[in-house]
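Here's the structure, in structure tokens; my notes come after.
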Amino acid sequence: MALLEAHDLTKTFRRPEKDPGLRGSVKHLFQRRYSTKTAVGGVNLSIEAGEAVAYVGPNGAGKSTTIKLLTGIVEPTTGEVRIGGLVPHRNRVANSRQIGVLFGQRTQLWWDLPVRESLALLRDMYDMKPDRFRAQLKRFDEVLGLDELLPVVARKLSLGQRMRADLACALLHSPRIVFLDEPTIGLDISVKDRVREFLRQLKADGTTIMLTTHDLGDIEDTCERIVIIDDGRIIYDGSLAEVKDQYARERRVHLQLGSELTVADLADRFPQATVTAGAEGRREFTVAFDKAELTAGAVLAGVAQIAEVLEVKIDEPAIEDVVRKVYAGELLLADRSTP
Ligand SMILES: Nc1ncnc2c1ncn2[C@@H]1O[C@H](COP(=O)(O)OP(=O)(O)O)[C@@H](O)[C@H]1O
Ligand SMILES: [Mg+2]
């Protein structure tokens with residue numbers, strides 16, 4: 001059996017429907033009307049131990065709600081979750097020992113305590129031996145630079161420092177599976193890189209990871225599987241490499257030339273490609289093509305025959321572009337969410 005199994009997971013919220021303004025509020029007091037919102041509708045998910053899964057989708061798609069359902073913070077309206085055989089919202093204590101959770105928008109740290117004290121409280125909650133606790137802190141210091149944060153009161157931490165400390169809290173007890181909801185949100189690039197390095201190490205250590213993020217750069221090195229959710233439903237579940245291979249076929253070669261050419265010279269040479277001139281007019285061009293029809297090597301070799309090539313840059317589409325197309329409904333991906 002997989003480490004995590006979710007069947008037909010659904011969460012609906014009841015929202016008060018009220019006319020605007022004070023009149024609306026008063027009216028609502030006497031004559032309550034509600035509408036229901038399905039945040040997550042019929043999600044099936046199975047995660048094997050050691051997998052790293054990227055869980056992506058537009059704002060409001062239901063990512064955070066799914067994480068809350070999977071971790072037992074929220075009870076499902078219908079459906080069931082099991083992690084290592086336990087039902088998270090029913091076996092809270094036992095479950096908390098096998099999972100780690102981080103919500104990028106919220107902290108686990110005790111606001112008025114130094115980071116060290118928050119970690120010590122967690123150590124006691126998880127009954128950790130002093131040796132193991134120290135070893136973990138050392139490990140977190142190496143990648144997250146934890147030591148300098150230990151004496152600082154949580155409310156004085158910057159966002160990046162707070163996230164580093166929160167990652168340590170989520171992973172302190174070496175959980176089998178960790179749920180990271182937007183662990184890089186709002187971070188500047190240097191902290192982001194640290195967090196990404198931490199994710200790579202977690203993955204290498206065999207920790208099972210479920211990661212939601214707005215920055216798909218976070219997932220490229222860590223996750224081999226991508227699950228895309230839209231409007232509460234899973235619209236794609238499969239390999240990240242496959243999505244890229246199938247749907248990110250466009251390549252762009254940017255050329256800086258030492259001699260002059262025209263768009264027509266290049267267009268004649270590469271009829272399969274779209275050629276545009278850059279800012280430098282006749283010395284700068286972009287050749288865009290489908291990688292199934294042409295290669296960057298062939299473009300270079302061809303151009304070198306008719307002009308002097310000074311500089312080359314090759315762009316591959318970012319996974320962002322692919323996912324954006326999926327959101328926009330431009331790509332119809334195979335639905336493998338139903339078992
Ligand atoms: N506690 C709640 N009460 C009412 N609606 C909620 C609640 N939590 C989430 N929602 C709604 O459920 C939908 C999914 O939210 P969420 O899971 O936070 O999306 P995401 O994390 O993908 O941005 C949104 O429309 C959101 O407004
Ligand atoms: Mg969210």
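Convention: chains lettered A, B, ... in structure tokens order; per-chain residue numbering from 1; ligands numbered from 1 as shown.
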Taking the chain letters and numbering used in this document, name the residues of region 109-265 of chain A that DSSP puts in alpha helix (DSSP H), as a count of residues only. 70
So that I can check the surroundings of Ala288 (chain A), please list as a PyMOL selection string every protein, DNA and RNA residue that reaches within 10 Å of it, counting only C-alpha atoms and ignoring chain neighbours fewer than 6 positions away. chain A and resi 250-254+270+272-276+294+296+299+314-315
For the residues selected in the previous step, produce a file with C-alpha atoms as a compact mmCIF listing (two decimals), in the first residue's frame.
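Contents of the output file out-v2.txt:
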```
# COMPACT_ATOMS: atom_id res chain seq x y z
CA GLU A 250 9.54 25.15 -28.42
CA ARG A 251 13.17 26.25 -28.48
CA ARG A 252 14.52 29.71 -29.15
CA VAL A 253 18.04 30.38 -30.33
CA HIS A 254 19.19 33.98 -29.89
CA PHE A 270 15.18 27.33 -41.86
CA GLN A 272 10.45 25.20 -40.22
CA ALA A 273 11.39 28.08 -37.93
CA THR A 274 10.06 31.54 -37.14
CA VAL A 275 12.79 34.16 -37.46
CA THR A 276 12.62 37.61 -35.88
CA LEU A 294 14.95 21.21 -35.85
CA ALA A 296 19.80 24.20 -31.94
CA VAL A 299 20.62 26.18 -36.55
CA ILE A 314 19.28 28.96 -26.19
CA ASP A 315 15.96 29.25 -24.33
```
Name the residues in contact with Asp231 (chain A) at a cut-off of 10 Å, using only C-alpha atoms, excluding same-chain residues fewer than 3 positions from it; report them as a list in words.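 So the residues in contact are Thr38, Ala39, Val40, Gly41, Gly57, Pro58, Asn59, Gly60, Ala61, Gly62, Lys63, Ile234 and Ile235 of chain A.
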Expected answer as number ranges by chain: residues within 12 Å of ligand 2, only C-alpha atoms and all ligand atoms: A: 39, 55-68, 102-106, 180-183, 185, 211-214, 229, 232
Name all residues at most 9 Å from region 10-25 of chain A (count only C-alpha atoms; drop same-chain ones fewer than 4 positions away) and give them as a PDB file with N, CA and C atoms, in the first residue's frame.
```pdb
ATOM      1  N   LEU A  29     -29.194  38.615   9.648  1.00  0.00           N
ATOM      2  CA  LEU A  29     -29.421  38.130  11.009  1.00  0.00           C
ATOM      3  C   LEU A  29     -30.753  37.392  11.106  1.00  0.00           C
ATOM      4  N   ARG A  32     -31.219  34.050   7.280  1.00  0.00           N
ATOM      5  CA  ARG A  32     -29.903  33.613   6.842  1.00  0.00           C
ATOM      6  C   ARG A  32     -29.961  32.831   5.536  1.00  0.00           C
ATOM      7  N   ARG A  33     -29.057  33.197   4.634  1.00  0.00           N
ATOM      8  CA  ARG A  33     -28.927  32.438   3.398  1.00  0.00           C
ATOM      9  C   ARG A  33     -27.467  32.033   3.258  1.00  0.00           C
ATOM     10  N   TYR A  34     -27.244  30.856   2.791  1.00  0.00           N
ATOM     11  CA  TYR A  34     -25.871  30.387   2.608  1.00  0.00           C
ATOM     12  C   TYR A  34     -25.692  29.818   1.215  1.00  0.00           C
ATOM     13  N   SER A  35     -24.461  29.889   0.751  1.00  0.00           N
ATOM     14  CA  SER A  35     -24.151  29.160  -0.470  1.00  0.00           C
ATOM     15  C   SER A  35     -23.006  28.221  -0.120  1.00  0.00           C
ATOM     16  N   THR A  36     -22.863  27.159  -0.854  1.00  0.00           N
ATOM     17  CA  THR A  36     -21.752  26.263  -0.556  1.00  0.00           C
ATOM     18  C   THR A  36     -20.698  26.378  -1.645  1.00  0.00           C
ATOM     19  N   LYS A  37     -19.460  26.265  -1.187  1.00  0.00           N
ATOM     20  CA  LYS A  37     -18.331  26.340  -2.107  1.00  0.00           C
ATOM     21  C   LYS A  37     -17.568  25.022  -1.986  1.00  0.00           C
ATOM     22  N   THR A  38     -17.379  24.348  -3.103  1.00  0.00           N
ATOM     23  CA  THR A  38     -16.587  23.117  -3.076  1.00  0.00           C
ATOM     24  C   THR A  38     -15.127  23.489  -3.305  1.00  0.00           C
ATOM     25  N   ALA A  39     -14.351  23.492  -2.220  1.00  0.00           N
ATOM     26  CA  ALA A  39     -12.939  23.869  -2.328  1.00  0.00           C
ATOM     27  C   ALA A  39     -12.139  22.724  -2.937  1.00  0.00           C
ATOM     28  N   VAL A  40     -12.494  21.500  -2.542  1.00  0.00           N
ATOM     29  CA  VAL A  40     -11.841  20.306  -3.084  1.00  0.00           C
ATOM     30  C   VAL A  40     -12.953  19.327  -3.431  1.00  0.00           C
ATOM     31  N   GLY A  41     -12.975  18.865  -4.668  1.00  0.00           N
ATOM     32  CA  GLY A  41     -14.085  18.018  -5.096  1.00  0.00           C
ATOM     33  C   GLY A  41     -13.634  16.706  -5.692  1.00  0.00           C
ATOM     34  N   GLY A  42     -13.627  15.655  -4.890  1.00  0.00           N
ATOM     35  CA  GLY A  42     -13.342  14.325  -5.413  1.00  0.00           C
ATOM     36  C   GLY A  42     -11.899  14.085  -5.808  1.00  0.00           C
ATOM     37  N   VAL A  43     -10.992  14.423  -4.917  1.00  0.00           N
ATOM     38  CA  VAL A  43      -9.566  14.224  -5.209  1.00  0.00           C
ATOM     39  C   VAL A  43      -9.130  12.802  -4.847  1.00  0.00           C
ATOM     40  N   THR A  65      -6.328  23.765   0.958  1.00  0.00           N
ATOM     41  CA  THR A  65      -7.396  22.953   1.558  1.00  0.00           C
ATOM     42  C   THR A  65      -7.037  21.468   1.460  1.00  0.00           C
ATOM     43  N   THR A  66      -6.490  21.056   0.312  1.00  0.00           N
ATOM     44  CA  THR A  66      -6.069  19.653   0.180  1.00  0.00           C
ATOM     45  C   THR A  66      -5.030  19.309   1.246  1.00  0.00           C
ATOM     46  N   LEU A  69      -6.613  18.863   4.513  1.00  0.00           N
ATOM     47  CA  LEU A  69      -7.336  17.585   4.573  1.00  0.00           C
ATOM     48  C   LEU A  69      -6.362  16.423   4.765  1.00  0.00           C
ATOM     49  N   VAL A  74      -8.145  19.706   8.799  1.00  0.00           N
ATOM     50  CA  VAL A  74      -9.543  19.895   8.427  1.00  0.00           C
ATOM     51  C   VAL A  74     -10.143  18.523   8.141  1.00  0.00           C
ATOM     52  N   GLU A  75     -11.388  18.359   8.567  1.00  0.00           N
ATOM     53  CA  GLU A  75     -12.057  17.084   8.355  1.00  0.00           C
ATOM     54  C   GLU A  75     -12.742  17.086   6.986  1.00  0.00           C
ATOM     55  N   PRO A  76     -12.609  16.007   6.231  1.00  0.00           N
ATOM     56  CA  PRO A  76     -13.245  16.017   4.903  1.00  0.00           C
ATOM     57  C   PRO A  76     -14.777  15.972   5.007  1.00  0.00           C
ATOM     58  N   THR A  77     -15.452  16.590   4.049  1.00  0.00           N
ATOM     59  CA  THR A  77     -16.910  16.497   3.972  1.00  0.00           C
ATOM     60  C   THR A  77     -17.280  15.070   3.565  1.00  0.00           C
ATOM     61  N   THR A  78     -16.593  14.569   2.554  1.00  0.00           N
ATOM     62  CA  THR A  78     -16.715  13.148   2.226  1.00  0.00           C
ATOM     63  C   THR A  78     -15.333  12.660   1.807  1.00  0.00           C
ATOM     64  N   GLY A  79     -15.194  11.354   1.722  1.00  0.00           N
ATOM     65  CA  GLY A  79     -13.926  10.778   1.289  1.00  0.00           C
ATOM     66  C   GLY A  79     -13.037  10.433   2.462  1.00  0.00           C
ATOM     67  N   GLU A  80     -11.892   9.874   2.148  1.00  0.00           N
ATOM     68  CA  GLU A  80     -11.028   9.381   3.211  1.00  0.00           C
ATOM     69  C   GLU A  80      -9.553   9.557   2.873  1.00  0.00           C
ATOM     70  N   GLY A 232     -10.622  22.772  -7.635  1.00  0.00           N
ATOM     71  CA  GLY A 232     -10.925  21.662  -6.734  1.00  0.00           C
ATOM     72  C   GLY A 232     -10.774  20.269  -7.323  1.00  0.00           C
TER      73      GLY A 232
END
```
I need the residues of region 115-229 of chain A that end up classed as strand (DSSP E) by DSSP on the backbone, written out as a PyMOL selection string. chain A and resi 177-181+208-212+225-229
Could you turn the residues from that selection into a file that holds C-alpha atoms, as a PDB file, in the first residue's frame?
```pdb
ATOM      1  CA  ILE A 177       6.275  12.657   4.844  1.00  0.00           C
ATOM      2  CA  VAL A 178       6.377  16.425   4.763  1.00  0.00           C
ATOM      3  CA  PHE A 179       3.776  18.811   3.367  1.00  0.00           C
ATOM      4  CA  LEU A 180       5.174  22.167   2.348  1.00  0.00           C
ATOM      5  CA  ASP A 181       2.595  24.756   1.327  1.00  0.00           C
ATOM      6  CA  THR A 208       8.445  11.854   0.998  1.00  0.00           C
ATOM      7  CA  ILE A 209       7.529  15.368  -0.072  1.00  0.00           C
ATOM      8  CA  MET A 210       4.372  17.115  -1.186  1.00  0.00           C
ATOM      9  CA  LEU A 211       5.103  20.649  -2.231  1.00  0.00           C
ATOM     10  CA  THR A 212       2.885  23.476  -3.380  1.00  0.00           C
ATOM     11  CA  ARG A 225       5.841  14.064 -10.393  1.00  0.00           C
ATOM     12  CA  ILE A 226       3.452  16.944 -10.903  1.00  0.00           C
ATOM     13  CA  VAL A 227      -0.197  17.038  -9.902  1.00  0.00           C
ATOM     14  CA  ILE A 228      -2.175  19.963 -11.268  1.00  0.00           C
ATOM     15  CA  ILE A 229      -5.388  21.028  -9.545  1.00  0.00           C
TER      16      ILE A 229
END
```
How many Å separate CA of Arg176 (chain A) from CA of Ser46 (chain A)?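 These two atoms are separated by 14.9 Å.
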